[in-house]
Amino acid sequence: VMIRGKVDSDAAKQAAEGIAKGIDGVKTVKNELQVVAPAKREATDDKDDAITTRVNEQIAKDSYLKKAGIHAQTNAGVVSLSGEVSSLMTSAQASWTAWQVPGVKSVKNDLTVTEKA
């Protein structure tokens, strides 16, 4: 299980991990929760929105990618790519393009490749 998001304190982060570990069938928990004071949370959210905008702009500049229907979303600097693409090369190109955007900490590629016969 992977948990992501923003919490107010380290105690809340540890509590969330403990709850996740206690769920039946969970073997491991990857805790990617960010401790962000409520006063600073808005600034972090704005940064994620700006990263998403820049990733989408870079995808739109690529003649192959702009037609691919790729959806980008950012959480704590991690860009998640979703949608269907026609080839593995397009998927790899999308990941590479997102990686080049300033502020991106990592890219989670959830693109589905639907090879045309």
# chains A, B, ... in the order shown; residues from 1 in each chain; ligands from 1
>>> select_by_dssp(residues="range 54-98 of chain A", states="alpha helix (DSSP H)", output="MDAnalysis selection string")
chainID A and resid 54:61 88:98
>>> closest_atom_pairs(of="range 5-79 of chain A", to="range 99-114 of chain A", cutoff="8 Å", atoms="only C-alpha atoms", output="JSON lines")
{"residue": "A:Ile51", "atom": "CA", "partner": "A:Gly103", "partner_atom": "CA", "distance": 6.5}
{"residue": "A:Arg54", "atom": "CA", "partner": "A:Val101", "partner_atom": "CA", "distance": 6.7}
{"residue": "A:Val55", "atom": "CA", "partner": "A:Val101", "partner_atom": "CA", "distance": 6.2}
{"residue": "A:Gln58", "atom": "CA", "partner": "A:Val101", "partner_atom": "CA", "distance": 7.8}
{"residue": "A:Ile70", "atom": "CA", "partner": "A:Leu111", "partner_atom": "CA", "distance": 7.7}
{"residue": "A:Gly77", "atom": "CA", "partner": "A:Val104", "partner_atom": "CA", "distance": 5.0}
{"residue": "A:Val78", "atom": "CA", "partner": "A:Ser106", "partner_atom": "CA", "distance": 4.9}
{"residue": "A:Val79", "atom": "CA", "partner": "A:Val107", "partner_atom": "CA", "distance": 4.8}
>>> write_last_selection(atoms="all heavy atoms", output="PDB file, in the first residue's frame")
ATOM      1  N   ILE A  51       3.269  22.884 -11.348  1.00  0.00           N
ATOM      2  CA  ILE A  51       4.022  21.785 -11.972  1.00  0.00           C
ATOM      3  C   ILE A  51       3.133  21.078 -12.992  1.00  0.00           C
ATOM      4  O   ILE A  51       3.556  20.811 -14.118  1.00  0.00           O
ATOM      5  CB  ILE A  51       4.556  20.798 -10.911  1.00  0.00           C
ATOM      6  CG1 ILE A  51       5.668  21.463 -10.083  1.00  0.00           C
ATOM      7  CG2 ILE A  51       5.074  19.519 -11.567  1.00  0.00           C
ATOM      8  CD1 ILE A  51       6.084  20.685  -8.846  1.00  0.00           C
ATOM      9  N   ARG A  54       2.903  23.110 -16.093  1.00  0.00           N
ATOM     10  CA  ARG A  54       4.133  23.066 -16.894  1.00  0.00           C
ATOM     11  C   ARG A  54       4.290  21.726 -17.606  1.00  0.00           C
ATOM     12  O   ARG A  54       4.729  21.681 -18.762  1.00  0.00           O
ATOM     13  CB  ARG A  54       5.357  23.368 -16.015  1.00  0.00           C
ATOM     14  CG  ARG A  54       5.447  24.826 -15.600  1.00  0.00           C
ATOM     15  CD  ARG A  54       6.824  25.201 -15.080  1.00  0.00           C
ATOM     16  NE  ARG A  54       7.227  24.442 -13.906  1.00  0.00           N
ATOM     17  CZ  ARG A  54       7.033  24.829 -12.645  1.00  0.00           C
ATOM     18  NH1 ARG A  54       6.431  25.964 -12.384  1.00  0.00           N
ATOM     19  NH2 ARG A  54       7.447  24.072 -11.642  1.00  0.00           N
ATOM     20  N   VAL A  55       3.941  20.623 -16.926  1.00  0.00           N
ATOM     21  CA  VAL A  55       4.021  19.299 -17.562  1.00  0.00           C
ATOM     22  C   VAL A  55       3.067  19.256 -18.762  1.00  0.00           C
ATOM     23  O   VAL A  55       3.445  18.818 -19.852  1.00  0.00           O
ATOM     24  CB  VAL A  55       3.710  18.165 -16.558  1.00  0.00           C
ATOM     25  CG1 VAL A  55       3.518  16.833 -17.277  1.00  0.00           C
ATOM     26  CG2 VAL A  55       4.823  18.048 -15.526  1.00  0.00           C
ATOM     27  N   GLN A  58       4.476  21.150 -21.672  1.00  0.00           N
ATOM     28  CA  GLN A  58       5.551  20.423 -22.359  1.00  0.00           C
ATOM     29  C   GLN A  58       4.978  19.297 -23.227  1.00  0.00           C
ATOM     30  O   GLN A  58       5.447  19.082 -24.348  1.00  0.00           O
ATOM     31  CB  GLN A  58       6.554  19.854 -21.351  1.00  0.00           C
ATOM     32  CG  GLN A  58       7.442  20.898 -20.721  1.00  0.00           C
ATOM     33  CD  GLN A  58       8.202  21.724 -21.741  1.00  0.00           C
ATOM     34  OE1 GLN A  58       7.977  22.924 -21.878  1.00  0.00           O
ATOM     35  NE2 GLN A  58       9.084  21.104 -22.481  1.00  0.00           N
ATOM     36  N   ILE A  70      -2.914  12.274 -22.840  1.00  0.00           N
ATOM     37  CA  ILE A  70      -2.234  11.985 -21.569  1.00  0.00           C
ATOM     38  C   ILE A  70      -2.725  12.966 -20.513  1.00  0.00           C
ATOM     39  O   ILE A  70      -2.788  14.167 -20.748  1.00  0.00           O
ATOM     40  CB  ILE A  70      -0.703  12.102 -21.734  1.00  0.00           C
ATOM     41  CG1 ILE A  70      -0.219  11.059 -22.741  1.00  0.00           C
ATOM     42  CG2 ILE A  70       0.000  11.954 -20.392  1.00  0.00           C
ATOM     43  CD1 ILE A  70       1.191  11.284 -23.234  1.00  0.00           C
ATOM     44  N   GLY A  77       5.027  17.104  -5.701  1.00  0.00           N
ATOM     45  CA  GLY A  77       6.123  17.053  -6.665  1.00  0.00           C
ATOM     46  C   GLY A  77       6.197  15.766  -7.459  1.00  0.00           C
ATOM     47  O   GLY A  77       7.042  15.616  -8.338  1.00  0.00           O
ATOM     48  N   VAL A  78       5.315  14.805  -7.176  1.00  0.00           N
ATOM     49  CA  VAL A  78       5.279  13.537  -7.905  1.00  0.00           C
ATOM     50  C   VAL A  78       4.208  13.645  -8.990  1.00  0.00           C
ATOM     51  O   VAL A  78       3.032  13.817  -8.692  1.00  0.00           O
ATOM     52  CB  VAL A  78       4.975  12.347  -6.973  1.00  0.00           C
ATOM     53  CG1 VAL A  78       4.892  11.049  -7.770  1.00  0.00           C
ATOM     54  CG2 VAL A  78       6.021  12.243  -5.876  1.00  0.00           C
ATOM     55  N   VAL A  79       4.641  13.555 -10.245  1.00  0.00           N
ATOM     56  CA  VAL A  79       3.715  13.648 -11.370  1.00  0.00           C
ATOM     57  C   VAL A  79       3.218  12.252 -11.730  1.00  0.00           C
ATOM     58  O   VAL A  79       4.014  11.341 -11.951  1.00  0.00           O
ATOM     59  CB  VAL A  79       4.395  14.294 -12.598  1.00  0.00           C
ATOM     60  CG1 VAL A  79       3.467  14.292 -13.803  1.00  0.00           C
ATOM     61  CG2 VAL A  79       4.836  15.713 -12.276  1.00  0.00           C
TER      62      VAL A  79
END
>>> closest_residue(among="A:Ala15, A:Ala94, A:Leu88, A:Leu33", to="Ile59 in chain A", atoms="only C-alpha atoms")
A:Ala94
>>> atom_distance(atom1="CA of Gln73 in chain A", atom2="CA of Val7 in chain A")
19.2 Å
>>> select_by_dssp(residues="range 21-116 of chain A", states="strand (DSSP E or B)", output="list of chain:residue names")
A:Lys30, A:Asn31, A:Glu32, A:Leu33, A:Gln34, A:Val35, A:His71, A:Ala72, A:Gln73, A:Thr74, A:Asn75, A:Val78, A:Val79, A:Ser80, A:Leu81, A:Ser82, A:Gly83, A:Glu84, A:Val85, A:Ser106, A:Val107, A:Lys108, A:Asn109, A:Asp110, A:Leu111, A:Thr112, A:Val113
>>> closest_residue(among="A:Arg4, A:Ala16, A:Ala72, A:Ala92", to="Ala60 in chain A", atoms="only C-alpha atoms")
A:Ala72
>>> atom_distance(atom1="CA of Val29 in chain A", atom2="CA of Ala11 in chain A")
16.1 Å
>>> atom_distance(atom1="CA of Asn75 in chain A", atom2="CA of Met2 in chain A")
13.0 Å
